[in-house]
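Below: one structure, written as structure tokens.
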Amino acid sequence: MAMIPLSELLIWSLAGVLFGSLISWIPGFHIFNIMALLVAVFGVGELMPVQAFPFFAIGAIVAYAYVSAISSVYFSVADESAVFLLFPTQRYLLLGRGHEAVLLYLIGAVAGTLVLVLGALFIFPRVLPPIYQATSPYITYFLVAIVVFMFMSEWPKEGDRGRTPAERLWLAWRQILGGILVFFLSGILGFIVMNTNLLPTTSAYTRLTPMFIGFFGMSWVILNILSNPPMLEQVPDDKVESSVYNTLKATFGGALGGTIAAVYPIITGGMGALVAGHMTSQRGDDAFIISQGVNRVIYYVGAFTLLFLPQLRLTRGAAAWLVSSIYTPKSYAEYLAAIGVILLSAGISFLFTYYLSKFIAKSFNVVHIKKLSYVVAVTLVVISYLLTGPMGIAVLLVSTAIGMMAAAFNTRRSYCLGGLILPVLISMTGHTGYFMHLLGLG
Amino acid sequence: MRGFTHYISGLAAATFFAALVGDLRLGILIPVIAAAAAYFPDFVDFKFGKFLARRDYEIDPAPWDEKKHYAPKLVKISELSEKNRYQFFAVEGTVEEILVRGSGKVTYKVLREDGSEETVTENYNSIVFTLNDGTGKITVEAFGDDYEFFEEEFGKIEEGKEMLVFGYVDVEEDGSLKLVVSDAPHPQGIADTIARAIEEAYREGERIVKIHNIRLPGDVYRRFWVHLDPPRREVRVEMGPIVTPGGVAIGGDVPEYRKYGIAKVSVPFIKTYPKPTRIDSFSGPEIAFRKAEFRGKTVVKDRFLPWHHGFSHSLTMGIIIGLVVFAFFKLIGYEHATELALASMIGQWLHVFEDQLGFMGSNLLPPITKDVIPGFKLGESGSGLTNFSTAWLMIAFMIWNFNRFTEPRPIPISDAKLLLYLIWPSIIGFGIAIVRSFKLRKEISELMDYYTNLEAFEELEEVGGI
């Protein structure tokens with residue numbers, strides 16, 4: 001199949017940016033879920049030429065990597081008594097500096113885009129294939145290593161103030177054991193969803209969607225509803241407090257974490273950031289937010305770009321799987337066109353995010369987050385139902401409960417990734433049958 | 001060094017054994033044990049040792065509200081006693097009687113940057129009243145900047161008004177308690193307790209002090225510094241601004257008149273690290289004060305995090321780990337138990353060696369050796385440069401080993417050339433770290449020479465202390 005004309009390619013890319021921009025600021029919405037819904041409901045061949053779909057997707061993913069800063073800064077507000085540790089973005093919001101947090105994120109996103117584009121043009125085609133070839137047989141080693149490290153390095157937040165050594169030890173280990181429990185519960189749910197016909201087989205690649213909506217989207221939205229956070233006045237000034245050194249250090253760390261997550265399967269952006277954060281010994285809220293911008297652009301967009309890389313053509317991330325099931329780009333011209341689309345989409349997404357942030361900062365306390373959260377919660381239920389039917393709602397409920405357990409134990413939310421990691425590890429090591437038997441499923 | 005740096009060293013150690021690499025290629029993931037072994041010393045210290053360690057003094061300048069997990073703790077007046085002096089609390093009650101409204105002059109000492117003291121006198125407005133919460137009553141006093149803030153917050157204070165007051169507890173001359181309106185504890189309590197611990201350590205041998213941090217609403221922290229000043233025989237505590245966990249100051253500087261706490265120490269002591277201890281986010285430190293011989297004189301030395309870098313950080317522990325791993329995996333029939341045991345031991349040894357590059361040092365081969373061997377002072381444990389250089393070196397080793405143990409080689413160049421291509425960022429990083437470390441080592445050496453000739457030590461000699 002030949003590449004579509006440039007004018008058409010641009011139109012579909014811009015349509016992707018528009019689509020991504022319009023939905024990515026809504027809390028709990030993930031571009032992968034909405035794209036899956038789009039394909040499931042409308043189908044691609046009817047809506048657009050199949051060769052245009054990768055470019056539509058890349059526009060939407062770039063927009064998501066930029067615009068989702070809005071939801072994570074403004075719509076993840078927290079009542080400080082509801083959660084133990086706030087994310088730096090939440091803290092900025094509580095200080096009335098939400099717009100500054102968005103600007104820091106955008107600095108990171110732009111830096112990430114530049115690193116990605118330069119890397120894609122000059123480094124990836126030469127360096128990635130041999131390194132990947134040398135290390136890819138050991139992916140399970142890296143994956144297990146990161147999971148074990150997550151458990152071993154969990155920082156006990158509460159043990160310090162117990163009255164006796166035994167009480168201190170219990171308070172510390174309550175959180176660590178809570179994290180392990182969340183990981184294995186998520187893993188069992190993921191194993192059941194992947195290996196049984198609990199969800200209709202017609203759902204195919206959207207089978208995991210309700211589970212992930214529950215782990216990360218719905219639990220976040222419900223926390224917003226339960227915590228009744230304050231809607232504090234925000235300063236819409238274009239001012240950031242950081243330094244060139246912090247920006248460069250954060251860019252380096254974010255790029256390292258994003259690249260690890262983009263190249264190796266199952267390793268997510270958060271896991272990559274954990275590894276890179278330790279490697280570069282990152283400290284400082286401004287540096288953290290900037291590195292998040294870099295990391296998310298490279299993780300989401302970079303991973304998808306690998307699908308275009310002619311010598312490697314790696315399918316990384318749900319969007320790449322979705323797209324590759326319809327059309328896989330084949331030529332070097334498409335690879336170069338994709339890099340151009342990334343730059344164009346990044347420019348538009350930057351402006352969209354900037355002006356949307358300014359608008360929201362000025363009108364932040366007009367609508368309470370609770371009202372928006374109710375609407376989003378209903379929408380997430382509807383999406384789950386449309387994609388996977390009534391059992392999808394059941395999976396959504398269970399995964400939401402597990403996602404909220406992570407918050408209740410003050411542990412890492414990323415332990416919910418057990419829902420993906422555990423079944424994949426069981427499968428990769430050839431133990432699926434054993435575990436089916438152990439769980440009484442076969 | 002940071003945890004992941006040690007961990008990845010263990011991952012890399014396993015890849016030096018062709019048998020283990022072969023297992024990994026077959027999906028046998030047991031070699032990850034070597035990484036766990038490399039991280040083991042910190043796991044034991046930070047998940048067990050820290051919580052089980054003895055605490056002779058526990059300094060909690062601002063106890064947490066048990067439900068909200070931040071300060072100030074809302075307390076009943078009847079719960080307060082002299083033991084709470086200088087601690088930061090909240091009390092809710094009704095204004096019973098206005099005792100004094102007025103103005104006057106306040107005199108206090110401030111510290112200049114060079115360490116000298118300056119006496120400052122300022123005009124102030126004040127109010128003193130009694131607050132009753134049903135369990136008892138307490139005198140509340142607001143003056144200076146705190147009075148201005150108090151008036152802004154509550155308007156005119158009248159009898160019968162209900163209010164929530166924040167402040168630190170103080171003791172009047174007659175022994176009665178009062179609450180001084182403030183937004184932080186008074187640092188004097190921290191300084192007094194540390195000074196007492198140093199003096200007791202000189203007499204008894206060792207005292208361990210746990211200093212808690214000050215967590216405030218919104219996941220922010222009140223930063224404070226503890227300066228141990230051997231030449232002046234003083235412990236000085238300075239209350240700083242409110243900071244985020246990432247260390248960004250967001251304001252909230254305290255007024256000069258309650259910024260410093262100074263306590264005199266009657267015995268000689270030395271500080272082994274040339275910077276004040278900063279306490280803010282995550283958790284406060286434990287410091288052991290130990291009686292020690294220093295260049296022929298008896299002094300008290302500080303040891304930061306005394307539960308850290310103990311037996312877990314010795315080469316002996318590495319041997320034990322190797323033996324346990326060998327025994328266990330041999331028992332379950334793992335074919336490459338010997339290689340795994342060696343990789344685990346080397347992983348743990350790499351941890352010990354990497355930490356030896358920093359400041360704290362370890363007792364390397366107990367029970368044969370008895371004393372801690374000081375670190376090489378190449379950089380602080382949190383240094384981005386040394387952590388990255390080490391972690392990158394380990395990644396390079398892994399790629400290199402994976403390549404040389406695979407036929408045909410995925411990267412078809414000579415081993416030496418590939419290694420050189422991979423490790424140059426680490427070589428540059430370590431080079432910069434070594435150059436930087438010379439300056440710091442010189443500073444510490446000068447400080448130690450200075451201590452040796454201190455008058456502060458000689459004085460005590462005259463009264464028979466040394």
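Lettering and numbering for the structure tokens are positional, with chains as A, B, ... in the shown order, residues counted from 1 in each chain, and ligands counted from 1 in the shown order.
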
Close residues, Ile188 (chain A) itself excluded, 12 Å, only C-alpha atoms, min 4 positions apart in chain, as a compact mmCIF listing (two decimals) with C-alpha atoms, in the first residue's frame:
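Everything below was put into around_34.txt:
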# COMPACT_ATOMS: atom_id res chain seq x y z
CA LEU A 181 -0.92 -7.00 48.23
CA VAL A 182 -2.00 -4.41 45.64
CA PHE A 183 0.50 -5.80 43.12
CA PHE A 184 -0.65 -9.40 43.49
CA ILE A 192 -8.16 -13.68 34.89
CA VAL A 193 -9.03 -10.94 32.40
CA MET A 194 -6.32 -12.08 29.96
CA ASN A 195 -6.73 -15.83 30.22
CA THR A 196 -10.43 -16.51 30.68
CA MET A 211 -9.18 -2.78 34.26
CA VAL A 395 -13.94 -5.66 36.17
CA VAL A 398 -12.93 -4.55 41.17
CA SER A 399 -10.00 -2.68 39.62
CA ILE A 402 -7.72 -2.15 44.01
CA CYS A 416 -1.49 -1.69 39.96
CA LEU A 417 0.66 -2.40 36.92
CA GLY A 418 0.82 -5.88 38.41
CA GLY A 419 -2.37 -6.32 36.36
CA LEU A 420 -0.19 -6.34 33.27
CA ILE A 421 3.22 -7.35 34.54
CA LEU A 422 2.29 -10.48 36.47
CA PRO A 423 0.26 -12.23 33.74
CA VAL A 424 2.88 -11.30 31.12
CA ILE A 426 3.71 -15.87 33.97
CA THR A 432 0.16 -19.98 32.48
CA PHE A 435 -1.48 -20.74 37.44
CA MET A 436 -4.79 -21.49 35.70
CA LEU A 438 -3.81 -22.98 40.90
CA LEU A 439 -6.66 -20.47 40.60
CA LEU A 441 -9.68 -21.81 36.25

If you run DSSP over the backbone, which residues in region 13-259 of chain A end up alpha helix (DSSP H)? Put them as an NGL selection string.
:A and (13-24 or 31-42 or 44-47 or 53-74 or 88-94 or 98-118 or 124-135 or 139-152 or 165-195 or 209-212 or 219-227 or 244-259)

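The two atoms in question, CA of Asp145 (chain B) and CA of Leu228 (chain B), are spaced 28.8 Å apart.
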
All residues 6 Å or closer to Gly96 (chain A), only C-alpha atoms, same chain fewer than 3 positions away omitted, as a PyMOL selection string
chain A and resi 93+233-235

Measuring between only C-alpha atoms, which one of A:Ile146, A:Val375, A:Val294, A:Ala172 shows the shortest distance to Leu274 (chain A)?
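Of the candidates, the smallest distance to Leu274 (chain A) is held by A:Ile146.
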
Specify as a ChimeraX atom specification all residues of chain B found within 6 Å of chain A, counting only C-alpha atoms.
/B:4,25,27,51-52,68,218,246-247,382,384,387-388,403,410-411
